[in-house]
Amino acid sequence: MLAELGHFSLVLALLMAILLAIYPMWGAQRGQVLLMQTAKPLTVGLFLFTLFAYLCLTQSFLNNDFSIAYVAHNSNSLLPWYYQITAVWGGHEGSFLLWVLIFAAWAVAVAMFSGGIPQDILARVLAIMGMVGIGFYLYILLASNPFERLLPFFPVDGRDLNPLLQDFGMIIHPPLLYMGYVGFSVVFAFAIAALVAGRLDSTWARWSRPWTLAAWVFLTLGIALGSWWAYKELGWGGWWFWDPVENASFMPWLVGTALLHSLAVTEKRKAFKSWTVLLAIAAFSLSLLGTFLVRSGVLVSVHSFASDPTRGLFILGLLVLVIGASLLLYALRAPQLRSVGRYELLSRETMLIGNNILLCSATLVVLMGTLLPLVHKELGLGSISIGAPFFDQMFVYLIVPFVLLMVMGPLSRWKHQTLPALRNQMLAGVGLSVVAVALLSFGRDGLSYMATLGMALSVWIAIATVQEIRQRLSASKQGLAGLTSLTPSHWGMVMGHLGFAAMIMGIAMVTSYSVERDVRMTPGDSIELQGYEFRFLGVEILKGPNYSGHVAKLDVYENGRKISHLEAQKRFYTVQRNMMTEAAVDPGFTRDLYVALGEQLNNGDWALRVYVKPYIRWIWGGAALMAIGGLLSMSDKRYRMSKLAKVRVKSEAMAGEAA
Amino acid sequence: MKRIGLFLLPLGLFLLITVFLLQGLFSNPRDIESSLLNQPVPTFRLPDVMDASIEYGPEVFDGEVTLLNVWGTWCVTCAIELPFLTELRQQGVRIVGLYYEQNMDPDFGGKTLPEIRLDIDKTLSQLGNPYVFNIFDEQRDTSMDFGVTGAPETFLIDRQGKVRLHHVGDLNERVWQTKFLPLYQELSQ
């Protein structure tokens, strides 16, 4: 019964999406206020019906209703209740339901928090979200129904949730990632609405920017969490694998980052308009492409999901419609956009163009690396595989000019920057960072070029950030009191850049200075690694609710003092017959100690993998800092809707005068 | 008009990608084409798994159409295809085994050579022995040269010692009839 109600509710949500796509847009084109006003209630309806459907499915999981195919495939009566709730997005159908729920939530957020935006623009934005929605609701109802029944013969118990997904990181990783992916649909809708209306000005950028920031923050956190999860769950001690699915989430992030910077220029300097719009379309398009790549089985990846050509075909059709139509609209309308801001070669604008070019090159590198194996094979040239070495090398080439621009950009003025002032600041920055790196790597043997370069770049960014704040303070002539006069969005930039610096530091250190040992140990054995002594106490039997296994216990000593106790598990999930590694990690600010349990050997010894990973937390810490930076920027007063309302009155008054 | 052309570029790029994605949908990504196709087999010098004093090289493929079957006793699917391979041998097909052991790591111990031989004997006497002989790829580097991604995999090698077909997965009646037999008959003439 619950499943049928949920299914019906989804049909109603589709109906809402169809109405939403038609009436408000009609109203906006014809100037009929009444029709435009339907946008809000329709959006709320869309959200409520979707939410109801989602809750129905969740309740079916909690009821252990194995007559529903999706529940039977992804749950088990022994599964703890919290995993039963998260199992809703553990498979294909449910994760699409989560996708549309989040989509509807974003749409409602736009409807609720956009008081300051003119009614016709809001109506168009919501109508475009409705159009995108139609496609996805149709997809769920026609090709991927989560409420399908297994009647009359249904299993007594379910097949259990994939054990990889039975982890805290996995509980929140997909929703965050989807919040990011789908969040770009808002920016996309704003861009398309502006193209349809033919009005694209700095107020448009001001409306879009907080939504871009929100989506970007979610995406940043989602990717970082995924990386952290892979690190502790897959048991290889890696944090990024250049897997096609990871790449699929990384591309929208890169373009989203470019979009943030480009929006800043459009907002403040009225330049780069057509470029910004293209980035807004690209960010959402790449999110959709990511969904397609993950869900269609076109690419082989460790994230193997059900692959079914009908579904893939449906999503590809959607992709062609949504992206193709918007790019066509772009080609027709964008040439009319005029960028009025003028600037010279040495100016902040130029640096930001450079930043955008590099971010887009990085996106292209990832896109090519991801799709080239496919293209190569389809052209009949045989199978090839592109792995981490290719990406690593390309990113090393890209990062150096990127950091250079990242240092120069904030230090430069808009429009025109004098060379000597910038040169002096940069020379000072380089000098200081060389000294700092020399101090930091003093006494370390076996220096690596890459790590040293990474450290230098990281420190340089940090120094430049401080220089920039100093420059602001001396301009405001208030001394340290001037710190309070800096806007939250300025602090956002500072945090974002510092976060990036921390991340480079982490990546450089981990890549070059990680130590790893495969060892065989009997209880009582100990090994030494980087000054840490790992004492193996033994292995005990483990019994969980839906798994059994072994747990290895180790004590870690440094200079004869016990600093940590580690318990590395190897679990066997009985229903899915899967082995899972739960690595034991002792986290630290400057190093992680990491132990993964391997197999038992014939003579009763155990195989263990022991790692010391310097500065690895900095990678995720950096991502967290960037996300905080994004939140700070969002909190800036100029994006508050009451402010926007004032801006709107002003611009309308100006338009009136002009008329 | 020139400007419009520039703005159409993203659309063109996207449509191009779409074509490949569409093609990709209908081909199996795990269906990997061997880069060795129509190339001579890589050179190797490896012992017989049962008797280390006998050594084999690429010349074992000369003069006769041969199936090279990559397998191991640890591999469940291999056990399933053994009876069918034995049937093929009875029909006169020459099958050479390329044996590699997963559970053999000099640092970690694992199985010793006598244990492996015992396991092979046991498996082959239970399920049938399709092999003329088994080449032992202890370091697994020859499998690597052949582009083996796992077990079981089967290569069809012609009289000149060239790889003509590479099949990933188990060899069963259906695969034999559709994929191997036509080429096998052509090569045997």
# chains A, B, ... in the order shown; residues from 1 in each chain; ligands from 1

call {"tool": "select_by_dssp", "arguments": {"residues": "segment 59-182 of chain B", "states": "strand (DSSP E or B)", "output": "PDB file with C-alpha atoms, in the first residue's frame"}}
result
ATOM      1  CA  THR B  66      46.828 -24.309 -30.270  1.00  0.00           C
ATOM      2  CA  LEU B  67      44.596 -22.976 -27.528  1.00  0.00           C
ATOM      3  CA  LEU B  68      46.553 -21.369 -24.718  1.00  0.00           C
ATOM      4  CA  ASN B  69      44.410 -21.498 -21.596  1.00  0.00           C
ATOM      5  CA  VAL B  70      45.334 -19.358 -18.589  1.00  0.00           C
ATOM      6  CA  TRP B  71      44.200 -20.969 -15.367  1.00  0.00           C
ATOM      7  CA  ARG B  94      45.560 -29.060 -28.772  1.00  0.00           C
ATOM      8  CA  ILE B  95      45.365 -27.159 -25.485  1.00  0.00           C
ATOM      9  CA  VAL B  96      48.365 -25.836 -23.600  1.00  0.00           C
ATOM     10  CA  GLY B  97      47.941 -24.500 -20.083  1.00  0.00           C
ATOM     11  CA  LEU B  98      49.545 -21.353 -18.737  1.00  0.00           C
ATOM     12  CA  TYR B  99      49.403 -21.889 -15.021  1.00  0.00           C
ATOM     13  CA  MET B 104      52.222 -17.575  -3.886  1.00  0.00           C
ATOM     14  CA  ASP B 105      54.241 -14.702  -2.591  1.00  0.00           C
ATOM     15  CA  GLY B 109      54.750 -17.672   2.159  1.00  0.00           C
ATOM     16  CA  GLY B 110      51.561 -19.147   0.808  1.00  0.00           C
ATOM     17  CA  ASN B 134      51.252 -26.779 -18.377  1.00  0.00           C
ATOM     18  CA  ILE B 135      53.665 -23.883 -18.532  1.00  0.00           C
ATOM     19  CA  PHE B 136      54.361 -22.478 -15.081  1.00  0.00           C
ATOM     20  CA  GLU B 153      41.424 -16.487 -20.383  1.00  0.00           C
ATOM     21  CA  THR B 154      42.048 -18.312 -23.633  1.00  0.00           C
ATOM     22  CA  PHE B 155      44.178 -17.446 -26.655  1.00  0.00           C
ATOM     23  CA  LEU B 156      43.886 -19.024 -30.072  1.00  0.00           C
ATOM     24  CA  ILE B 157      47.357 -19.259 -31.604  1.00  0.00           C
ATOM     25  CA  LYS B 162      50.615 -15.649 -33.903  1.00  0.00           C
ATOM     26  CA  VAL B 163      47.811 -14.731 -31.494  1.00  0.00           C
ATOM     27  CA  ARG B 164      44.541 -14.777 -33.440  1.00  0.00           C
ATOM     28  CA  LEU B 165      41.930 -14.522 -30.703  1.00  0.00           C
ATOM     29  CA  HIS B 166      41.864 -13.521 -27.064  1.00  0.00           C
ATOM     30  CA  HIS B 167      38.875 -14.489 -24.961  1.00  0.00           C
ATOM     31  CA  VAL B 168      38.372 -13.188 -21.424  1.00  0.00           C
TER      32      VAL B 168
END

call {"tool": "residues_around", "arguments": {"residues": "segment 576-585 of chain A", "least_positions_apart": "6", "cutoff": "10 Å", "atoms": "only C-alpha atoms", "output": "VMD selection string"}}
result
chain A and resid 158 to 164 167 231 to 237 546 to 554 564 to 570 592 to 598 609 to 612

call {"tool": "write_last_selection", "arguments": {"atoms": "C-alpha atoms", "output": "PDB file, in the first residue's frame"}}
result
ATOM      1  CA  GLY A 158      16.660  -9.207   1.538  1.00  0.00           C
ATOM      2  CA  ARG A 159      20.045  -9.429  -0.138  1.00  0.00           C
ATOM      3  CA  ASP A 160      21.548  -6.869   2.224  1.00  0.00           C
ATOM      4  CA  LEU A 161      23.137  -3.503   1.540  1.00  0.00           C
ATOM      5  CA  ASN A 162      26.507  -3.514  -0.192  1.00  0.00           C
ATOM      6  CA  PRO A 163      28.938  -3.637   2.760  1.00  0.00           C
ATOM      7  CA  LEU A 164      31.062  -0.892   1.219  1.00  0.00           C
ATOM      8  CA  ASP A 167      29.850   3.154   6.894  1.00  0.00           C
ATOM      9  CA  TYR A 231      41.025   6.058   2.414  1.00  0.00           C
ATOM     10  CA  LYS A 232      39.743   4.188   5.413  1.00  0.00           C
ATOM     11  CA  GLU A 233      37.410   1.710   3.772  1.00  0.00           C
ATOM     12  CA  LEU A 234      39.250   0.370   0.757  1.00  0.00           C
ATOM     13  CA  GLY A 235      42.353  -0.447   2.759  1.00  0.00           C
ATOM     14  CA  TRP A 236      44.983   0.669   0.229  1.00  0.00           C
ATOM     15  CA  GLY A 237      45.776   3.873   2.064  1.00  0.00           C
ATOM     16  CA  ASN A 546      25.331  -8.805   9.937  1.00  0.00           C
ATOM     17  CA  TYR A 547      28.995  -9.729   9.653  1.00  0.00           C
ATOM     18  CA  SER A 548      31.699 -11.758  11.322  1.00  0.00           C
ATOM     19  CA  GLY A 549      35.438 -11.445  10.983  1.00  0.00           C
ATOM     20  CA  HIS A 550      38.768 -10.819  12.616  1.00  0.00           C
ATOM     21  CA  VAL A 551      40.258  -7.889  14.418  1.00  0.00           C
ATOM     22  CA  ALA A 552      43.998  -7.358  14.757  1.00  0.00           C
ATOM     23  CA  LYS A 553      45.150  -5.427  17.801  1.00  0.00           C
ATOM     24  CA  LEU A 554      48.318  -3.390  17.827  1.00  0.00           C
ATOM     25  CA  SER A 564      48.132   4.641  20.393  1.00  0.00           C
ATOM     26  CA  HIS A 565      46.154   1.434  20.245  1.00  0.00           C
ATOM     27  CA  LEU A 566      44.926   0.294  16.836  1.00  0.00           C
ATOM     28  CA  GLU A 567      42.315  -2.284  15.884  1.00  0.00           C
ATOM     29  CA  ALA A 568      42.245  -3.196  12.216  1.00  0.00           C
ATOM     30  CA  GLN A 569      39.279  -5.285  11.133  1.00  0.00           C
ATOM     31  CA  LYS A 570      38.551  -7.651   8.332  1.00  0.00           C
ATOM     32  CA  ASP A 592      48.449   9.294  10.179  1.00  0.00           C
ATOM     33  CA  LEU A 593      49.352   5.804  11.328  1.00  0.00           C
ATOM     34  CA  TYR A 594      47.418   3.331   9.252  1.00  0.00           C
ATOM     35  CA  VAL A 595      47.143  -0.437   9.582  1.00  0.00           C
ATOM     36  CA  ALA A 596      45.169  -2.815   7.363  1.00  0.00           C
ATOM     37  CA  LEU A 597      44.710  -6.479   8.160  1.00  0.00           C
ATOM     38  CA  GLY A 598      45.423  -8.960   5.356  1.00  0.00           C
ATOM     39  CA  ARG A 609      50.022  -3.539   5.820  1.00  0.00           C
ATOM     40  CA  VAL A 610      51.409  -0.686   7.842  1.00  0.00           C
ATOM     41  CA  TYR A 611      51.653   2.908   6.642  1.00  0.00           C
ATOM     42  CA  VAL A 612      52.876   6.217   7.971  1.00  0.00           C
TER      43      VAL A 612
END

call {"tool": "atom_distance", "arguments": {"atom1": "atom CA of Met170 of chain A", "atom2": "atom CA of Ile541 of chain A"}}
result
25.3 Å

call {"tool": "residues_around", "arguments": {"residues": "Thr363 of chain A", "least_positions_apart": "5", "cutoff": "7 Å", "atoms": "only C-alpha atoms", "output": "ChimeraX atom specification"}}
result
/A:251,254-255

call {"tool": "select_by_dssp", "arguments": {"residues": "segment 1-150 of chain B", "states": "alpha helix (DSSP H)", "output": "PyMOL selection string"}}
result
chain B and resi 2-25+76-90+113-127+141-146

call {"tool": "atom_distance", "arguments": {"atom1": "atom CA of Asn76 of chain A", "atom2": "atom CA of Leu97 of chain A"}}
result
20.1 Å
